[in-house]
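> Hey, dropping run_21.tsv in here, TSV, C-alpha atoms:
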```
chain	number	residue	atom	x	y	z
A	223	MET	CA	123.03	109.81	-23.58
A	224	PRO	CA	120.63	108.06	-21.16
A	225	VAL	CA	120.84	104.29	-20.89
A	226	PRO	CA	117.45	102.61	-21.20
A	227	LYS	CA	116.26	100.71	-18.15
A	228	PRO	CA	116.15	96.93	-18.76
A	229	LYS	CA	112.61	95.68	-19.19
A	230	PRO	CA	111.14	92.75	-17.30
A	231	TYR	CA	110.63	89.68	-19.43
A	232	VAL	CA	108.63	86.46	-19.43
A	233	SER	CA	110.21	83.17	-20.45
A	234	ALA	CA	108.14	79.98	-20.78
A	235	ARG	CA	110.98	77.91	-19.32
A	236	GLU	CA	111.31	80.25	-16.37
A	237	ALA	CA	107.53	80.30	-15.86
A	238	PHE	CA	107.58	76.50	-15.76
A	239	LEU	CA	110.41	76.42	-13.19
A	240	TYR	CA	108.78	79.03	-10.95
A	241	LEU	CA	105.35	77.37	-11.15
A	242	VAL	CA	106.83	74.00	-10.21
A	243	LEU	CA	108.82	75.65	-7.41
A	244	PHE	CA	105.79	77.36	-5.90
A	245	ILE	CA	103.58	74.27	-6.27
A	246	LEU	CA	106.28	72.23	-4.49
A	247	LEU	CA	106.46	74.89	-1.79
A	248	GLY	CA	102.73	74.47	-1.20
A	249	MET	CA	103.05	70.68	-1.15
A	250	VAL	CA	105.96	70.72	1.29
A	251	ALA	CA	104.21	73.22	3.59
A	252	TRP	CA	100.97	71.18	3.50
A	253	HIS	CA	102.67	67.84	4.20
A	254	LEU	CA	104.88	69.30	6.93
A	255	GLY	CA	101.82	70.79	8.62
A	256	SER	CA	99.88	67.54	8.24
A	257	LEU	CA	102.74	65.50	9.71
A	258	LEU	CA	103.17	67.88	12.65
A	259	PHE	CA	99.40	67.91	13.27
A	260	ALA	CA	99.38	64.09	13.40
A	261	LEU	CA	102.32	64.06	15.79
A	262	ILE	CA	100.57	66.62	18.01
A	263	ASP	CA	97.43	64.47	17.96
A	264	LEU	CA	99.47	61.46	19.06
A	265	ALA	CA	101.36	63.38	21.75
A	266	VAL	CA	98.41	65.30	23.23
A	267	HIS	CA	95.47	63.00	23.91
A	268	ASP	CA	91.95	64.33	23.29
A	269	GLU	CA	89.07	62.77	25.24
A	270	ILE	CA	86.52	63.56	22.52
A	271	GLU	CA	88.55	61.76	19.89
A	272	GLY	CA	88.35	58.53	21.90
A	273	VAL	CA	84.57	58.86	22.35
A	274	TYR	CA	83.78	59.36	18.67
A	275	GLY	CA	86.25	56.74	17.44
A	276	TYR	CA	88.35	58.89	15.13
A	277	SER	CA	90.68	56.90	12.93
A	278	SER	CA	94.33	56.43	13.78
A	279	ARG	CA	96.94	58.88	12.57
A	280	GLU	CA	99.25	56.34	10.90
A	281	ALA	CA	97.89	57.09	7.41
A	282	GLN	CA	98.27	60.83	8.01
A	283	ILE	CA	101.85	60.32	9.18
A	284	ARG	CA	102.67	58.13	6.16
A	285	SER	CA	101.16	60.72	3.83
A	286	GLY	CA	103.09	63.57	5.46
A	287	VAL	CA	106.39	61.70	5.36
A	288	SER	CA	105.80	60.59	1.75
A	289	GLY	CA	105.06	64.14	0.64
A	290	LEU	CA	108.17	65.46	2.38
A	291	VAL	CA	110.45	62.68	1.09
A	292	VAL	CA	109.43	63.41	-2.51
A	293	GLY	CA	108.63	67.14	-2.39
A	294	ALA	CA	111.35	68.59	-0.15
A	295	PRO	CA	114.39	67.39	-2.16
A	296	LEU	CA	112.75	68.48	-5.43
A	297	PHE	CA	111.92	71.87	-3.94
A	298	VAL	CA	115.48	72.36	-2.66
A	299	TRP	CA	116.98	71.25	-5.99
A	300	ILE	CA	114.78	73.53	-8.12
A	301	ALA	CA	115.29	76.46	-5.71
A	302	ALA	CA	119.07	75.99	-5.87
A	303	HIS	CA	118.93	75.72	-9.67
A	304	ILE	CA	116.92	78.95	-9.94
A	305	ARG	CA	119.18	80.73	-7.43
A	306	LYS	CA	122.23	79.72	-9.48
A	307	GLN	CA	120.59	80.98	-12.69
A	308	ARG	CA	119.65	84.28	-11.01
A	309	ARG	CA	123.27	84.78	-9.91
A	310	THR	CA	124.68	84.11	-13.39
A	311	ASN	CA	121.95	86.05	-15.21
A	312	PRO	CA	120.92	89.22	-13.32
A	313	ALA	CA	118.13	89.84	-15.85
A	314	MET	CA	116.23	86.95	-14.24
A	315	GLN	CA	115.83	89.16	-11.18
A	316	ARG	CA	113.40	91.27	-13.20
A	317	SER	CA	111.24	88.30	-14.18
A	318	ARG	CA	107.54	89.13	-14.13
A	319	VAL	CA	106.65	85.51	-13.40
A	320	ARG	CA	108.92	85.45	-10.33
A	321	LYS	CA	107.50	88.72	-9.06
A	322	TRP	CA	103.86	87.73	-9.54
A	323	LEU	CA	104.29	84.33	-7.93
A	324	THR	CA	106.33	85.83	-5.07
A	325	TYR	CA	103.63	88.36	-4.28
A	326	LEU	CA	100.87	85.76	-4.69
A	327	THR	CA	102.73	83.59	-2.17
A	328	LEU	CA	102.97	86.58	0.17
A	329	VAL	CA	99.21	87.11	-0.09
A	330	ILE	CA	98.48	83.44	0.66
A	331	ALA	CA	100.92	83.40	3.61
A	332	ALA	CA	99.49	86.67	4.99
A	333	CYS	CA	95.93	85.34	4.70
A	334	THR	CA	96.99	82.15	6.47
A	335	LEU	CA	98.54	84.15	9.31
A	336	ILE	CA	95.43	86.36	9.57
A	337	GLY	CA	93.18	83.29	9.58
A	338	ASP	CA	95.38	81.73	12.26
A	339	ALA	CA	95.00	84.84	14.42
A	340	ILE	CA	91.22	84.89	13.87
A	341	SER	CA	91.02	81.22	14.87
A	342	LEU	CA	93.01	81.91	18.02
A	343	VAL	CA	90.72	84.78	19.05
A	344	TYR	CA	87.58	82.81	18.14
A	345	ASN	CA	88.65	79.82	20.21
A	346	PHE	CA	89.72	82.06	23.08
A	347	LEU	CA	86.29	83.73	23.10
A	348	SER	CA	84.56	80.34	23.02
A	349	GLY	CA	86.70	79.13	25.95
A	350	ASP	CA	88.48	76.41	23.97
A	351	LEU	CA	92.20	77.07	24.20
A	352	SER	CA	93.53	73.57	24.62
A	353	THR	CA	97.21	72.68	24.41
A	354	ARG	CA	96.49	70.72	21.25
A	355	LEU	CA	94.84	73.70	19.56
A	356	LEU	CA	97.61	76.10	20.59
A	357	LEU	CA	100.27	73.73	19.25
A	358	LYS	CA	98.47	73.40	15.91
A	359	LEU	CA	98.04	77.16	15.64
A	360	ALA	CA	101.75	77.56	16.41
A	361	VAL	CA	102.61	75.08	13.61
A	362	ILE	CA	100.50	77.05	11.12
A	363	ALA	CA	102.00	80.36	12.26
A	364	ALA	CA	105.56	79.00	12.06
A	365	ILE	CA	105.17	77.55	8.55
A	366	ALA	CA	103.25	80.51	7.10
A	367	GLY	CA	105.46	83.00	8.94
A	368	ALA	CA	108.67	81.43	7.64
A	369	ILE	CA	107.34	81.45	4.07
A	370	PHE	CA	106.13	85.04	4.45
A	371	LEU	CA	109.42	86.32	5.88
A	372	TYR	CA	111.54	84.52	3.29
A	373	PHE	CA	109.57	85.76	0.30
A	374	MET	CA	109.13	89.26	1.72
A	375	ARG	CA	112.90	89.54	2.06
A	376	ASP	CA	113.33	88.17	-1.47
A	377	ALA	CA	110.77	90.62	-2.87
A	378	GLU	CA	112.36	93.59	-1.10
A	379	ARG	CA	115.81	92.58	-2.33
A	380	GLY	CA	114.47	92.25	-5.89
A	381	ASP	CA	112.78	95.66	-5.70
A	382	GLU	CA	116.02	97.24	-4.46
A	383	ARG	CA	117.95	95.73	-7.39
A	384	ASP	CA	115.30	96.97	-9.83
A	385	GLN	CA	115.70	100.52	-8.55
A	386	GLN	CA	119.50	100.33	-8.82
A	387	THR	CA	119.41	99.40	-12.52
```
For the structure just supplied, provide its representation as structure tokens.


Amino acid sequence: MPVPKPKPYVSAREAFLYLVLFILLGMVAWHLGSLLFALIDLAVHDEIEGVYGYSSREAQIRSGVSGLVVGAPLFVWIAAHIRKQRRTNPAMQRSRVRKWLTYLTLVIAACTLIGDAISLVYNFLSGDLSTRLLLKLAVIAAIAGAIFLYFMRDAERGDERDQQT
């Protein structure tokens, strides 16, 4: 007698946890990028910035550090909590909410990487490939690339488990 394949499910509690996790991921990525951009601006002087009197980067640094101090530990804690639940309850691997948010995150990360590449080519064609710009593009590529690779691996692993059951 054939055994029916387990169906994906949607739990409000799980949807809440995954939504908070992915929102925190966005916050941490944004604040990390902002902090690194401010540090690049401080390390690599720009003549134009001095001429136009741009504001100092202290507020941007404080904002980046604040976001990371609050967001990163919460993100790590919720991610560990969800990982523990997924290990103890294999049915959570088939969660529709997790799959949709994972693939939405992959789309956003892929678009960010594509936009980063377009910006690099655009600035190259306009003759503006400064060290500062290249460092900022590298920061964007590193953050978006790390998110993309992590969630791509997670999605592939989840798809493999779905096919096994």

> Residues of range 258-370 of chain A that approach range 248-252 of chain A to 6 Å or less, counting only C-alpha atoms: could you list each one with the shortest pair of atoms and its distance in Å to one decimal, rows by chain and increasing residue number, as a Markdown table?


```
| residue | atom | partner | partner_atom | distance |
| --- | --- | --- | --- | --- |
| A:Leu290 | CA | A:Val250 | CA | 5.8 |
| A:Gly293 | CA | A:Val250 | CA | 5.8 |
| A:Ala294 | CA | A:Val250 | CA | 6.0 |
```

> Suppose we keep C-alpha atoms; can you now write the selection as a PDB file, in the coordinates of the input?


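Result file is part-v5.pdb:
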```pdb
ATOM      1  CA  LEU A 290     108.170  65.460   2.380  1.00  0.00           C
ATOM      2  CA  GLY A 293     108.630  67.140  -2.390  1.00  0.00           C
ATOM      3  CA  ALA A 294     111.350  68.590  -0.150  1.00  0.00           C
TER       4      ALA A 294
END
```

> If we count only C-alpha atoms and set the cut-off at 7 Å, which residues sit around Phe297 in chain A, ignoring sequence neighbours fewer than 6 positions away in its own chain? Please answer as a list in words.

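What passes the distance filter is Leu243, Leu246 and Leu247 of chain A.
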
> For Arg284 in chain A, which residue out of A:Ala302, A:Ala377, A:Val266, A:Leu257 is the nearest one, using all atoms listed in the file?

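When distances to Arg284 in chain A are compared using all atoms listed in the file, the smallest one comes from A:Leu257.
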
> Name all residues at most 8 Å from range 327-334 of chain A (count all atoms listed in the file; drop same-chain ones fewer than 5 positions away) and give them as a list in words.

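With the cut-off at 8 Å, the set is Phe244, Ile362, Ala363, Ala366, Gly367, Ile369, Phe370, Phe373 and Met374 of chain A.
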
> Separation of CA of Val287 in chain A and CA of Asn345 in chain A, in Å?

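CA of Asn345 in chain A lies at a distance of 29.4 Å from CA of Val287 in chain A.
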
> Please return, as a list in words, all polymer residues that have at least one atom within 12 Å of the point (94.8, 73.7, 19.5); use all atoms listed in the file and the file's own coordinate frame.

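Collected hits near the coordinates: Phe259, Ile262, Asp263, Val266, His267, Asp268, Asp338, Ser341, Leu342, Val343, Tyr344, Asn345, Phe346, Gly349, Asp350, Leu351, Ser352, Thr353, Arg354, Leu355, Leu356, Leu357, Lys358, Leu359, Ala360, Val361 and Ile362 of chain A.
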
> Return the single residue from A:Ala237, A:Ile283, A:Val298, A:Val242 that is closest to Leu258 in chain A, with distances computed using only C-alpha atoms.

A:Ile283

> Considering all atoms listed in the file, state which residue in the set A:Leu254, A:Val319, A:Ile336, A:Ala265 is at the smallest distance from Ser285 in chain A.

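Among the listed residues, A:Leu254 lies closest to Ser285 in chain A.
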
> If I take CA of Pro312 in chain A and CA of Leu296 in chain A, how far is one from the other in Å, to one decimal?

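Atom-to-atom, CA of Pro312 in chain A and CA of Leu296 in chain A are spaced 23.6 Å apart.
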
> Which residue, A:Ala313, A:Ala301, A:Ala339, A:Leu347, has the smallest gap to Leu241 in chain A when you use all atoms listed in the file?

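So, comparing all the options, the nearest one is A:Ala301.
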
> Given 4 Å of margin on each side, can you work out the centre and size in Å (one decimal) of an axis-aligned box holding every listed atom of range 350-368 of chain A, as lines of an AutoDock Vina configuration file?


```
center_x = 98.6
center_y = 76.9
center_z = 15.9
size_x = 28.2
size_y = 20.3
size_z = 25.5
```

> So what do you get for CA of Tyr240 in chain A versus CA of Ser256 in chain A, distance-wise?

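So the answer is 24.1 Å.
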